[in-house]
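Before any comments, here is the structure.
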Amino acid sequence: MSIMESKVVFIGAGNMAEAIVSGMVAGDFCAAEKIIMTDVRLDRLSDLEKEYGIATSTDNGVVENAEMVVLAVKPQVMSNVLKEIAPVLREETLVISIAAGVSCSSIEAALDGERRVVRVMPNTPALVGQGAAAITAGAHADEADLEVAEAILQCVGLTVRVEENELDAVTALSGSGPAYVFYLLEAMLAAAEEFGLEKETARSLALQTVEGAARLMKDTGESAKNLRERVTSKGGTTEAAIHTLNEENVKGAVLKAIKAAYERSVELSNS
Ligand SMILES: NC(=O)c1ccc[n+]([C@@H]2O[C@H](COP(=O)([O-])OP(=O)(O)OC[C@H]3O[C@@H](n4cnc5c(N)ncnc54)[C@H](OP(=O)(O)O)[C@@H]3O)[C@@H](O)[C@H]2O)c1
């Protein structure tokens, strides 16, 4: 028997919704027949139906029978979707939103009532079950609601609880974070190409290096600085690289970049 027996509707059957649904079904957390996904794209829905055995609809009105609704549309279509579902949504239905920059209070207000809302900021490694998601409760959601949202997101990775005013920082750190790592990998692979290393060899080595470094830091519990210093022997190759990074103020540039992401998140949340 699956762990969750509630009927869940996902509005917006995009990449993120698919990642979460695939995790929920694969881990037997929720039976496929308890899940309905809605979208404006029929071909997309038909593919998802075949892949996961879930039900689908192009009518967001199917939320009327749901015990839980996951809002997984892009932020710019959120207000239309909320208007559409507000009249049919049951009072006791838990609403979980993964849309970036859409506050709990704006969802509560649009749904016209004391709605239980939980907001989540996931990231794309959820697509391979390695996501990092932060979760926060709206004004009317309780501990049990947070636990449900957490259990759902844990099907595709790690979850942490934060205050809603910390979500812009989370967005800048882990929401946009995968792109920072891909950026570094682009540079590492470009260097490998210049040295003439075979493409697949370079890719395997670079990926294992990033994964291994993260694992080393996680398993030892040591700081990034300590681990970096330990591999930087005097007069060695790593020291030559770190010296160049310092000369180019790469750390300062990364800090500036993450602050820019934070400011953009604040701006989008207020628009
Ligand atoms: N991807 C990320 O890294 C990430 C990280 C954190 C949070 N999020 C949040 O997760 C949410 C989903 O992101 P995503 O990357 O999965 O987006 P996505 O792939 O664009 O998925 C959204 C889906 O909703 C469909 N849609 C549009 N209007 C609709 C409507 N009125 N009713 C039902 N479905 C509708 C879209 O169809 P069309 O394409 O035809 O419009 C699309 O298939 C966003 O709010 C985003 O902010 C994403």
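In the structure tokens, the first chain shown is A, the next is B, and so on; residue numbers restart at 1 for each chain, and ligands run from 1 in the order shown.
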- request: Give as a PyMOL selection string the residues surrounding ligand 1 up to a distance of 9 Å, considering only C-alpha atoms and all ligand atoms.
  value: chain A and resi 10-19+37-41+44-45+58-60+71-78+80-81+84+97-102+120-126+133+171+174-176+178
field: strand (DSSP E or B) positions in segment 92-234 of chain A, given as a VMD selection string
entry: chain A and resid 94 to 97 117 to 121 131 to 137 157 to 161
- request: Compare A:Ile54, A:Val95, A:Ala109, A:Cys30 by their minimum atom-to-atom distance to Ser79 of chain A, counting only C-alpha atoms, and give me the closest one.
  value: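 Of all the options, A:Ala109 lies closest to Ser79 of chain A.
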field: Long-range neighbours of Leu184 of chain A as a ChimeraX atom specification, 12 Å cut-off, only C-alpha atoms, 5 positions minimum in chain
entry: /A:177-179,189-191,206-207,209-210,250,254
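Of the residues listed (A:Glu92, A:Asp28, A:Glu64, A:Glu263), A:Glu263 shows the shortest atom-to-atom separation from Ala169 of chain A; distances use only C-alpha atoms.
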task: Can you work out the spacing between atom CA of Arg230 of chain A and atom CA of Lys256 of chain A in Å, to one decimal?
output: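 Spanning atom CA of Arg230 of chain A to atom CA of Lys256 of chain A is a straight-line distance of 26.4 Å.
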message: Taking 4 positions as the minimum chain separation for residues in the same chain, which residues sit within 7 Å of segment 154-164 of chain A when counting only C-alpha atoms? Answer as an MDAnalysis selection string.
response: chainID A and resid 20 23:24 27 126 129:136 150
query: Could you pull out the alpha helix (DSSP H) residues of segment 30-264 of chain A from DSSP and send them as a VMD selection string?
result: chain A and resid 42 to 52 75 to 85 104 to 110 143 to 153 167 to 170 177 to 195 199 to 220 224 to 230 237 to 247 250 to 264
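Remark: for Glu143 of chain A, the closest of the candidate residues A:Ala224, A:Val128, A:Val118, A:Ala261 is A:Val118 (distances computed over only C-alpha atoms).
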